[in-house]
$ cat target.csv   # CSV, N, CA and C atoms
chain,number,residue,atom,x,y,z
O,1,MET,N,-58.4,-192.4,250.6
O,1,MET,CA,-57.3,-191.5,250.1
O,1,MET,C,-57.6,-190.1,250.6
O,2,ILE,N,-56.7,-189.4,251.2
O,2,ILE,CA,-56.8,-188.1,251.7
O,2,ILE,C,-56.5,-187.0,250.6
O,3,GLY,N,-55.6,-187.3,249.8
O,3,GLY,CA,-55.2,-186.4,248.7
O,3,GLY,C,-54.4,-187.1,247.6
O,4,ARG,N,-53.9,-186.3,246.7
O,4,ARG,CA,-53.0,-186.8,245.6
O,4,ARG,C,-51.7,-186.1,245.7
O,5,TRP,N,-50.6,-186.8,245.3
O,5,TRP,CA,-49.3,-186.3,245.3
O,5,TRP,C,-49.2,-185.2,244.3
O,6,HIS,N,-48.8,-184.0,244.7
O,6,HIS,CA,-48.7,-182.8,243.9
O,6,HIS,C,-47.2,-182.6,243.4
O,7,GLY,N,-46.3,-182.8,244.3
O,7,GLY,CA,-44.9,-182.6,243.9
O,7,GLY,C,-43.9,-182.7,245.1
O,8,LEU,N,-42.7,-182.7,244.8
O,8,LEU,CA,-41.6,-182.7,245.8
O,8,LEU,C,-40.9,-181.3,245.7
O,9,VAL,N,-40.7,-180.7,246.8
O,9,VAL,CA,-40.1,-179.4,246.9
O,9,VAL,C,-38.7,-179.5,247.4
O,10,ILE,N,-37.7,-179.0,246.7
O,10,ILE,CA,-36.3,-179.1,247.1
O,10,ILE,C,-35.8,-177.7,247.5
O,11,ASP,N,-35.4,-177.5,248.7
O,11,ASP,CA,-34.9,-176.2,249.1
O,11,ASP,C,-33.5,-176.0,248.5
O,12,CYS,N,-33.2,-174.7,248.1
O,12,CYS,CA,-31.9,-174.4,247.4
O,12,CYS,C,-31.7,-172.9,247.4
O,13,PRO,N,-30.4,-172.5,247.1
O,13,PRO,CA,-30.2,-171.1,247.0
O,13,PRO,C,-30.5,-170.5,245.6
O,14,ASP,N,-30.6,-171.3,244.6
O,14,ASP,CA,-30.8,-170.8,243.2
O,14,ASP,C,-31.8,-171.7,242.5
O,15,PRO,N,-33.1,-171.5,242.7
O,15,PRO,CA,-34.1,-172.4,242.1
O,15,PRO,C,-34.0,-172.5,240.6
O,16,ARG,N,-33.8,-171.4,239.8
O,16,ARG,CA,-33.7,-171.5,238.4
O,16,ARG,C,-32.5,-172.3,238.0
O,17,GLY,N,-31.3,-172.1,238.6
O,17,GLY,CA,-30.2,-172.9,238.2
O,17,GLY,C,-30.3,-174.4,238.5
O,18,LEU,N,-30.9,-174.7,239.7
O,18,LEU,CA,-31.0,-176.1,240.1
O,18,LEU,C,-32.1,-176.8,239.2
O,19,ALA,N,-33.1,-176.0,238.9
O,19,ALA,CA,-34.2,-176.6,238.0
O,19,ALA,C,-33.6,-176.9,236.6
O,20,GLU,N,-32.7,-176.0,236.1
O,20,GLU,CA,-32.1,-176.3,234.8
O,20,GLU,C,-31.2,-177.6,234.9
O,21,PHE,N,-30.5,-177.8,236.0
O,21,PHE,CA,-29.7,-179.0,236.1
O,21,PHE,C,-30.6,-180.2,236.0
O,22,TYR,N,-31.7,-180.2,236.8
O,22,TYR,CA,-32.6,-181.4,236.8
O,22,TYR,C,-33.4,-181.5,235.6
O,23,GLU,N,-33.7,-180.5,234.9
O,23,GLU,CA,-34.3,-180.6,233.6
O,23,GLU,C,-33.5,-181.4,232.6
O,24,LYS,N,-32.2,-181.2,232.6
O,24,LYS,CA,-31.3,-181.9,231.8
O,24,LYS,C,-31.1,-183.3,232.2
O,25,VAL,N,-31.0,-183.5,233.5
O,25,VAL,CA,-30.8,-184.9,234.1
O,25,VAL,C,-32.0,-185.8,233.9
O,26,LEU,N,-33.2,-185.2,234.1
O,26,LEU,CA,-34.5,-186.0,234.1
O,26,LEU,C,-35.3,-185.9,232.8
O,27,GLY,N,-34.9,-185.0,231.9
O,27,GLY,CA,-35.6,-184.8,230.7
O,27,GLY,C,-37.0,-184.2,230.9
O,28,MET,N,-37.1,-183.4,231.9
O,28,MET,CA,-38.4,-182.7,232.2
O,28,MET,C,-38.4,-181.3,231.6
O,29,VAL,N,-39.5,-180.6,231.7
O,29,VAL,CA,-39.7,-179.3,231.2
O,29,VAL,C,-40.1,-178.4,232.3
O,30,ARG,N,-39.9,-177.1,232.2
O,30,ARG,CA,-40.3,-176.1,233.2
O,30,ARG,C,-41.8,-175.9,233.0
O,31,VAL,N,-42.5,-176.1,234.1
O,31,VAL,CA,-44.0,-175.9,234.1
O,31,VAL,C,-44.4,-174.7,234.9
O,32,GLN,N,-43.5,-174.1,235.7
O,32,GLN,CA,-43.8,-172.9,236.5
O,32,GLN,C,-42.5,-172.2,236.8
O,33,ASP,N,-42.4,-170.9,236.6
O,33,ASP,CA,-41.2,-170.2,236.9
O,33,ASP,C,-41.5,-168.9,237.5
O,34,ASP,N,-41.5,-168.8,238.8
O,34,ASP,CA,-41.7,-167.6,239.6
O,34,ASP,C,-40.4,-167.3,240.3
O,35,ASP,N,-40.3,-166.0,240.6
O,35,ASP,CA,-39.1,-165.6,241.4
O,35,ASP,C,-39.0,-166.4,242.7
O,36,GLY,N,-38.0,-167.2,242.8
O,36,GLY,CA,-37.8,-168.0,244.1
O,36,GLY,C,-38.5,-169.3,244.1
O,37,PHE,N,-39.2,-169.7,243.0
O,37,PHE,CA,-39.9,-171.0,243.0
O,37,PHE,C,-40.1,-171.4,241.6
O,38,VAL,N,-39.5,-172.6,241.3
O,38,VAL,CA,-39.6,-173.1,239.9
O,38,VAL,C,-40.0,-174.6,240.0
O,39,VAL,N,-40.9,-175.0,239.0
O,39,VAL,CA,-41.3,-176.4,239.0
O,39,VAL,C,-41.0,-177.0,237.6
O,40,ILE,N,-40.5,-178.2,237.6
O,40,ILE,CA,-40.3,-178.9,236.4
O,40,ILE,C,-41.2,-180.2,236.5
O,41,GLY,N,-41.5,-180.7,235.3
O,41,GLY,CA,-42.3,-182.0,235.3
O,41,GLY,C,-42.6,-182.4,233.8
O,42,ASP,N,-43.5,-183.4,233.7
O,42,ASP,CA,-43.9,-183.8,232.4
O,42,ASP,C,-44.9,-182.9,231.8
O,43,ALA,N,-45.8,-182.3,232.6
O,43,ALA,CA,-46.9,-181.5,232.2
O,43,ALA,C,-47.4,-180.7,233.4
O,44,PRO,N,-48.0,-179.5,233.2
O,44,PRO,CA,-48.5,-178.7,234.3
O,44,PRO,C,-49.5,-179.4,235.2
O,45,ASP,N,-50.2,-180.3,234.7
O,45,ASP,CA,-51.3,-181.0,235.5
O,45,ASP,C,-50.8,-182.3,236.1
O,46,ARG,N,-49.6,-182.6,236.1
O,46,ARG,CA,-49.0,-183.8,236.7
O,46,ARG,C,-48.1,-183.4,237.8
O,47,PRO,N,-47.8,-184.4,238.7
O,47,PRO,CA,-46.8,-184.0,239.8
O,47,PRO,C,-45.5,-183.7,239.2
O,48,GLY,N,-44.8,-182.8,239.9
O,48,GLY,CA,-43.5,-182.3,239.5
O,48,GLY,C,-42.5,-182.2,240.6
O,49,VAL,N,-41.4,-181.7,240.3
O,49,VAL,CA,-40.3,-181.4,241.2
O,49,VAL,C,-40.1,-179.9,241.3
O,50,ALA,N,-40.2,-179.3,242.5
O,50,ALA,CA,-40.2,-177.9,242.6
O,50,ALA,C,-38.9,-177.5,243.4
O,51,PHE,N,-38.4,-176.3,243.1
O,51,PHE,CA,-37.2,-175.8,243.7
O,51,PHE,C,-37.5,-174.4,244.3
O,52,ALA,N,-37.3,-174.3,245.7
O,52,ALA,CA,-37.7,-173.1,246.4
O,52,ALA,C,-36.5,-172.5,247.0
O,53,ARG,N,-36.4,-171.1,246.8
O,53,ARG,CA,-35.3,-170.4,247.3
O,53,ARG,C,-35.3,-170.4,248.8
O,54,VAL,N,-34.2,-170.8,249.4
O,54,VAL,CA,-33.9,-170.6,250.8
O,54,VAL,C,-32.6,-170.0,251.0
O,55,GLU,N,-32.6,-168.7,251.5
O,55,GLU,CA,-31.4,-167.9,251.6
O,55,GLU,C,-30.3,-168.6,252.5
O,56,SER,N,-30.7,-169.2,253.5
O,56,SER,CA,-29.8,-169.8,254.4
O,56,SER,C,-29.4,-171.3,254.2
O,57,TRP,N,-29.7,-171.7,252.9
O,57,TRP,CA,-29.5,-173.2,252.6
O,57,TRP,C,-28.0,-173.6,252.9
O,58,GLN,N,-27.9,-174.7,253.6
O,58,GLN,CA,-26.6,-175.4,253.9
O,58,GLN,C,-26.8,-176.8,253.5
O,59,PRO,N,-26.0,-177.3,252.6
O,59,PRO,CA,-26.1,-178.8,252.2
O,59,PRO,C,-25.6,-179.6,253.3
O,60,PRO,N,-26.1,-180.9,253.4
O,60,PRO,CA,-25.6,-181.8,254.4
O,60,PRO,C,-24.2,-182.1,254.1
O,61,LYS,N,-23.5,-182.5,255.2
O,61,LYS,CA,-22.0,-182.8,255.1
O,61,LYS,C,-21.9,-184.3,254.9
O,62,TRP,N,-22.1,-184.8,253.6
O,62,TRP,CA,-22.1,-186.2,253.3
O,62,TRP,C,-20.7,-186.8,253.6
O,63,PRO,N,-20.6,-188.0,254.1
O,63,PRO,CA,-21.6,-188.9,254.5
O,63,PRO,C,-22.0,-188.8,256.0
O,64,ASP,N,-21.4,-187.8,256.7
O,64,ASP,CA,-21.6,-187.7,258.1
O,64,ASP,C,-23.0,-187.3,258.5
O,65,GLU,N,-23.7,-186.5,257.6
O,65,GLU,CA,-25.1,-186.0,257.9
O,65,GLU,C,-26.0,-186.6,256.9
O,66,SER,N,-27.2,-187.0,257.3
O,66,SER,CA,-28.2,-187.5,256.4
O,66,SER,C,-28.8,-186.4,255.6
O,67,ALA,N,-29.1,-186.7,254.4
O,67,ALA,CA,-29.8,-185.7,253.5
O,67,ALA,C,-31.3,-185.8,253.8
O,68,HIS,N,-31.8,-186.8,254.6
O,68,HIS,CA,-33.2,-187.0,254.9
O,68,HIS,C,-34.0,-187.6,253.8
O,69,LEU,N,-33.7,-187.2,252.6
O,69,LEU,CA,-34.2,-187.8,251.4
O,69,LEU,C,-33.3,-187.5,250.2
O,70,HIS,N,-33.4,-188.3,249.2
O,70,HIS,CA,-32.6,-188.0,248.0
O,70,HIS,C,-33.3,-188.6,246.8
O,71,LEU,N,-33.0,-188.2,245.6
O,71,LEU,CA,-33.5,-188.7,244.3
O,71,LEU,C,-32.7,-189.9,243.9
O,72,ASP,N,-33.3,-190.9,243.3
O,72,ASP,CA,-32.6,-192.0,242.6
O,72,ASP,C,-33.0,-191.8,241.1
O,73,VAL,N,-32.0,-191.7,240.3
O,73,VAL,CA,-32.2,-191.5,238.9
O,73,VAL,C,-31.7,-192.8,238.2
O,74,ARG,N,-32.6,-193.5,237.5
O,74,ARG,CA,-32.3,-194.8,236.9
O,74,ARG,C,-31.6,-194.5,235.5
O,75,VAL,N,-30.4,-195.2,235.3
O,75,VAL,CA,-29.7,-195.0,234.1
O,75,VAL,C,-29.3,-196.3,233.5
O,76,ASP,N,-28.9,-196.3,232.2
O,76,ASP,CA,-28.4,-197.6,231.6
O,76,ASP,C,-26.9,-197.8,231.8
O,77,ASP,N,-26.2,-196.7,231.9
O,77,ASP,CA,-24.7,-196.9,232.0
O,77,ASP,C,-24.2,-195.9,233.1
O,78,LEU,N,-23.8,-196.4,234.2
O,78,LEU,CA,-23.4,-195.6,235.4
O,78,LEU,C,-22.2,-194.7,235.0
O,79,ALA,N,-21.2,-195.2,234.3
O,79,ALA,CA,-20.0,-194.4,234.0
O,79,ALA,C,-20.4,-193.2,233.1
O,80,ALA,N,-21.1,-193.5,232.0
O,80,ALA,CA,-21.5,-192.5,231.0
O,80,ALA,C,-22.4,-191.4,231.7
O,81,ALA,N,-23.4,-191.9,232.5
O,81,ALA,CA,-24.3,-191.0,233.1
O,81,ALA,C,-23.5,-190.1,234.2
O,82,GLY,N,-22.6,-190.7,234.8
O,82,GLY,CA,-21.7,-190.0,235.8
O,82,GLY,C,-21.0,-188.9,235.1
O,83,GLU,N,-20.4,-189.1,234.0
O,83,GLU,CA,-19.7,-188.1,233.2
O,83,GLU,C,-20.6,-187.0,232.8
O,84,GLN,N,-21.8,-187.3,232.4
O,84,GLN,CA,-22.8,-186.3,232.0
O,84,GLN,C,-23.2,-185.4,233.1
O,85,VAL,N,-23.6,-186.0,234.3
O,85,VAL,CA,-24.0,-185.2,235.4
O,85,VAL,C,-22.8,-184.3,235.9
O,86,GLU,N,-21.6,-184.8,235.9
O,86,GLU,CA,-20.5,-184.0,236.3
O,86,GLU,C,-20.3,-182.9,235.4
O,87,ALA,N,-20.5,-183.1,234.1
O,87,ALA,CA,-20.4,-182.0,233.1
O,87,ALA,C,-21.4,-180.9,233.4
O,88,LEU,N,-22.5,-181.3,234.0
O,88,LEU,CA,-23.6,-180.3,234.3
O,88,LEU,C,-23.4,-179.6,235.7
O,89,GLY,N,-22.4,-180.0,236.4
O,89,GLY,CA,-22.0,-179.4,237.7
O,89,GLY,C,-22.2,-180.3,238.9
O,90,ALA,N,-22.5,-181.5,238.8
O,90,ALA,CA,-22.6,-182.5,239.9
O,90,ALA,C,-21.2,-182.9,240.3
O,91,ARG,N,-21.0,-183.4,241.5
O,91,ARG,CA,-19.7,-183.9,241.9
O,91,ARG,C,-20.0,-185.3,242.6
O,92,ARG,N,-19.0,-186.2,242.4
O,92,ARG,CA,-19.1,-187.5,243.0
O,92,ARG,C,-18.9,-187.5,244.5
O,93,LEU,N,-19.7,-188.2,245.2
O,93,LEU,CA,-19.5,-188.3,246.7
O,93,LEU,C,-19.1,-189.7,247.1
O,94,GLU,N,-18.6,-189.8,248.3
O,94,GLU,CA,-18.3,-191.1,248.8
O,94,GLU,C,-19.5,-192.1,248.9
O,95,GLY,N,-19.2,-193.3,248.8
O,95,GLY,CA,-20.3,-194.3,248.9
O,95,GLY,C,-20.7,-194.8,247.5
O,96,GLY,N,-21.6,-195.7,247.5
O,96,GLY,CA,-22.1,-196.3,246.3
O,96,GLY,C,-21.6,-197.7,246.2
O,97,GLY,N,-21.8,-198.3,245.0
O,97,GLY,CA,-21.4,-199.7,244.8
O,97,GLY,C,-21.5,-200.0,243.3
O,98,GLU,N,-21.7,-201.3,243.0
O,98,GLU,CA,-21.7,-201.8,241.7
O,98,GLU,C,-23.0,-201.3,240.9
O,99,ARG,N,-24.1,-201.1,241.7
O,99,ARG,CA,-25.3,-200.7,241.0
O,99,ARG,C,-25.8,-199.3,241.2
O,100,PHE,N,-25.0,-198.5,242.1
O,100,PHE,CA,-25.4,-197.1,242.2
O,100,PHE,C,-24.1,-196.3,242.6
O,101,HIS,N,-24.1,-195.0,242.2
O,101,HIS,CA,-23.1,-194.1,242.5
O,101,HIS,C,-23.8,-192.9,243.1
O,102,VAL,N,-23.1,-192.3,244.1
O,102,VAL,CA,-23.7,-191.1,244.8
O,102,VAL,C,-23.0,-189.8,244.3
O,103,TYR,N,-23.9,-188.8,244.1
O,103,TYR,CA,-23.4,-187.5,243.6
O,103,TYR,C,-24.0,-186.4,244.4
O,104,ALA,N,-23.5,-185.2,244.3
O,104,ALA,CA,-24.1,-184.0,244.9
O,104,ALA,C,-24.5,-183.1,243.7
O,105,ASP,N,-25.7,-182.6,243.7
O,105,ASP,CA,-26.1,-181.7,242.6
O,105,ASP,C,-25.4,-180.3,242.9
O,106,PRO,N,-25.6,-179.3,242.0
O,106,PRO,CA,-24.9,-178.1,242.2
O,106,PRO,C,-25.1,-177.4,243.5
O,107,ALA,N,-26.3,-177.6,244.1
O,107,ALA,CA,-26.6,-177.0,245.4
O,107,ALA,C,-26.1,-177.9,246.6
O,108,GLY,N,-25.6,-179.1,246.3
O,108,GLY,CA,-25.1,-179.9,247.4
O,108,GLY,C,-26.0,-181.0,247.8
O,109,HIS,N,-27.2,-181.2,247.2
O,109,HIS,CA,-28.1,-182.3,247.6
O,109,HIS,C,-27.6,-183.6,247.1
O,110,PRO,N,-27.5,-184.6,247.9
O,110,PRO,CA,-27.1,-185.9,247.4
O,110,PRO,C,-28.2,-186.5,246.5
O,111,PHE,N,-27.8,-187.2,245.4
O,111,PHE,CA,-28.7,-188.0,244.6
O,111,PHE,C,-27.9,-189.2,244.1
O,112,CYS,N,-28.6,-190.2,243.7
O,112,CYS,CA,-27.9,-191.4,243.2
O,112,CYS,C,-28.3,-191.7,241.8
O,113,LEU,N,-27.3,-192.1,241.0
O,113,LEU,CA,-27.5,-192.8,239.7
O,113,LEU,C,-27.6,-194.2,240.0
O,114,VAL,N,-28.6,-194.9,239.5
O,114,VAL,CA,-28.8,-196.3,239.8
O,114,VAL,C,-29.0,-197.1,238.5
O,115,ARG,N,-28.5,-198.4,238.5
O,115,ARG,CA,-28.6,-199.2,237.4
O,115,ARG,C,-29.1,-200.6,237.9
O,116,PHE,N,-30.1,-201.1,237.2
O,116,PHE,CA,-30.7,-202.4,237.6
O,116,PHE,C,-30.5,-203.4,236.5
$ encode --input "target.csv" --output "structure tokens"
Amino acid sequence: MIGRWHGLVIDCPDPRGLAEFYEKVLGMVRVQDDDGFVVIGDAPDRPGVAFARVESWQPPKWPDESAHLHLDVRVDDLAAAGEQVEALGARRLEGGGERFHVYADPAGHPFCLVRF
């Protein structure tokens, strides 16, 4: 092993706003809050999801451009979870199927709600 996973950093124009969105979606808490860089997670000593300010952020043009990576969020009810993320500022994107729906977060990053 070379190292341990520390976190995933997501570029965005508003780190605090996007962190708040994912805190509500994932049930995590804010473990670091600096100007331009916010981290959420289970605890400060565990891997987390970070949001870094990028002034020139441009979201991918889904589905024509790849997002290169995206989050999958496991849910019990796709329809109910979809309504909840839309109420938080997400929007439904093209694609998906019976077991997953594709959304864009408030900054335009694609993510999926998945049901198994």
$ residues_near_point --input "target.csv" --point "(-22.0, -192.1, 237.8)" --cutoff "12 Å" --atoms "only C-alpha atoms" --output "VMD selection string"
chain O and resid 25 72 to 87 90 to 104 111 to 115
$ residues_around --input "target.csv" --residues "Gly41 in chain O" --least-positions-apart "6" --cutoff "10 Å" --atoms "only C-alpha atoms" --output "PyMOL selection string"
chain O and resi 7+22-23+26-32+47-50
$ closest_residue --input "target.csv" --among "O:Leu18, O:Val9, O:Ile2, O:Val39" --to "Gly108 in chain O" --atoms "only C-alpha atoms"
O:Leu18
$ residues_around --input "target.csv" --residues "range 66-69 of chain O" --least-positions-apart "2" --cutoff "10 Å" --atoms "only C-alpha atoms" --output "VMD selection string"
chain O and resid 10 59 to 64 71 to 72 108 to 111
$ residues_around --input "target.csv" --residues "Pro15 in chain O" --least-positions-apart "6" --cutoff "8 Å" --atoms "all atoms listed in the file" --output "list in words"
Phe21, Asp35, Gly36, Phe37, Val38, Val39, Ala50, Phe51, Ala52, Arg53 and Val54 of chain O
$ atom_distance --input "target.csv" --atom1 "atom N of His6 in chain O" --atom2 "atom C of Arg46 in chain O"
7.0 Å
$ select_by_dssp --input "target.csv" --residues "chain O" --states "alpha helix (DSSP H)" --output "ChimeraX atom specification"
/O:15-26,78-87
$ build_atoms --input "target.csv" --residues "range 85-98 of chain O" --atoms "N, CA, C and O atoms" --output "PDB file, in the frame of the given file"
ATOM      1  N   VAL O  85     -23.600-186.000 234.300  1.00  0.00           N
ATOM      2  CA  VAL O  85     -24.000-185.200 235.400  1.00  0.00           C
ATOM      3  C   VAL O  85     -22.800-184.300 235.900  1.00  0.00           C
ATOM      4  O   VAL O  85     -23.064-183.171 236.361  1.00  0.00           O
ATOM      5  N   GLU O  86     -21.600-184.800 235.900  1.00  0.00           N
ATOM      6  CA  GLU O  86     -20.500-184.000 236.300  1.00  0.00           C
ATOM      7  C   GLU O  86     -20.300-182.900 235.400  1.00  0.00           C
ATOM      8  O   GLU O  86     -19.929-181.762 235.804  1.00  0.00           O
ATOM      9  N   ALA O  87     -20.500-183.100 234.100  1.00  0.00           N
ATOM     10  CA  ALA O  87     -20.400-182.000 233.100  1.00  0.00           C
ATOM     11  C   ALA O  87     -21.400-180.900 233.400  1.00  0.00           C
ATOM     12  O   ALA O  87     -21.205-179.720 233.014  1.00  0.00           O
ATOM     13  N   LEU O  88     -22.500-181.300 234.000  1.00  0.00           N
ATOM     14  CA  LEU O  88     -23.600-180.300 234.300  1.00  0.00           C
ATOM     15  C   LEU O  88     -23.400-179.600 235.700  1.00  0.00           C
ATOM     16  O   LEU O  88     -24.141-178.757 236.052  1.00  0.00           O
ATOM     17  N   GLY O  89     -22.400-180.000 236.400  1.00  0.00           N
ATOM     18  CA  GLY O  89     -22.000-179.400 237.700  1.00  0.00           C
ATOM     19  C   GLY O  89     -22.200-180.300 238.900  1.00  0.00           C
ATOM     20  O   GLY O  89     -21.962-179.801 240.026  1.00  0.00           O
ATOM     21  N   ALA O  90     -22.500-181.500 238.800  1.00  0.00           N
ATOM     22  CA  ALA O  90     -22.600-182.500 239.900  1.00  0.00           C
ATOM     23  C   ALA O  90     -21.200-182.900 240.300  1.00  0.00           C
ATOM     24  O   ALA O  90     -20.236-182.756 239.483  1.00  0.00           O
ATOM     25  N   ARG O  91     -21.000-183.400 241.500  1.00  0.00           N
ATOM     26  CA  ARG O  91     -19.700-183.900 241.900  1.00  0.00           C
ATOM     27  C   ARG O  91     -20.000-185.300 242.600  1.00  0.00           C
ATOM     28  O   ARG O  91     -20.951-185.466 243.275  1.00  0.00           O
ATOM     29  N   ARG O  92     -19.000-186.200 242.400  1.00  0.00           N
ATOM     30  CA  ARG O  92     -19.100-187.500 243.000  1.00  0.00           C
ATOM     31  C   ARG O  92     -18.900-187.500 244.500  1.00  0.00           C
ATOM     32  O   ARG O  92     -18.007-186.733 244.936  1.00  0.00           O
ATOM     33  N   LEU O  93     -19.700-188.200 245.200  1.00  0.00           N
ATOM     34  CA  LEU O  93     -19.500-188.300 246.700  1.00  0.00           C
ATOM     35  C   LEU O  93     -19.100-189.700 247.100  1.00  0.00           C
ATOM     36  O   LEU O  93     -19.148-190.640 246.278  1.00  0.00           O
ATOM     37  N   GLU O  94     -18.600-189.800 248.300  1.00  0.00           N
ATOM     38  CA  GLU O  94     -18.300-191.100 248.800  1.00  0.00           C
ATOM     39  C   GLU O  94     -19.500-192.100 248.900  1.00  0.00           C
ATOM     40  O   GLU O  94     -20.617-191.604 248.967  1.00  0.00           O
ATOM     41  N   GLY O  95     -19.200-193.300 248.800  1.00  0.00           N
ATOM     42  CA  GLY O  95     -20.300-194.300 248.900  1.00  0.00           C
ATOM     43  C   GLY O  95     -20.700-194.800 247.500  1.00  0.00           C
ATOM     44  O   GLY O  95     -20.085-194.492 246.481  1.00  0.00           O
ATOM     45  N   GLY O  96     -21.600-195.700 247.500  1.00  0.00           N
ATOM     46  CA  GLY O  96     -22.100-196.300 246.300  1.00  0.00           C
ATOM     47  C   GLY O  96     -21.600-197.700 246.200  1.00  0.00           C
ATOM     48  O   GLY O  96     -21.147-198.327 247.159  1.00  0.00           O
ATOM     49  N   GLY O  97     -21.800-198.300 245.000  1.00  0.00           N
ATOM     50  CA  GLY O  97     -21.400-199.700 244.800  1.00  0.00           C
ATOM     51  C   GLY O  97     -21.500-200.000 243.300  1.00  0.00           C
ATOM     52  O   GLY O  97     -21.462-199.163 242.488  1.00  0.00           O
ATOM     53  N   GLU O  98     -21.700-201.300 243.000  1.00  0.00           N
ATOM     54  CA  GLU O  98     -21.700-201.800 241.700  1.00  0.00           C
ATOM     55  C   GLU O  98     -23.000-201.300 240.900  1.00  0.00           C
ATOM     56  O   GLU O  98     -22.942-201.034 239.738  1.00  0.00           O
TER      57      GLU O  98
END
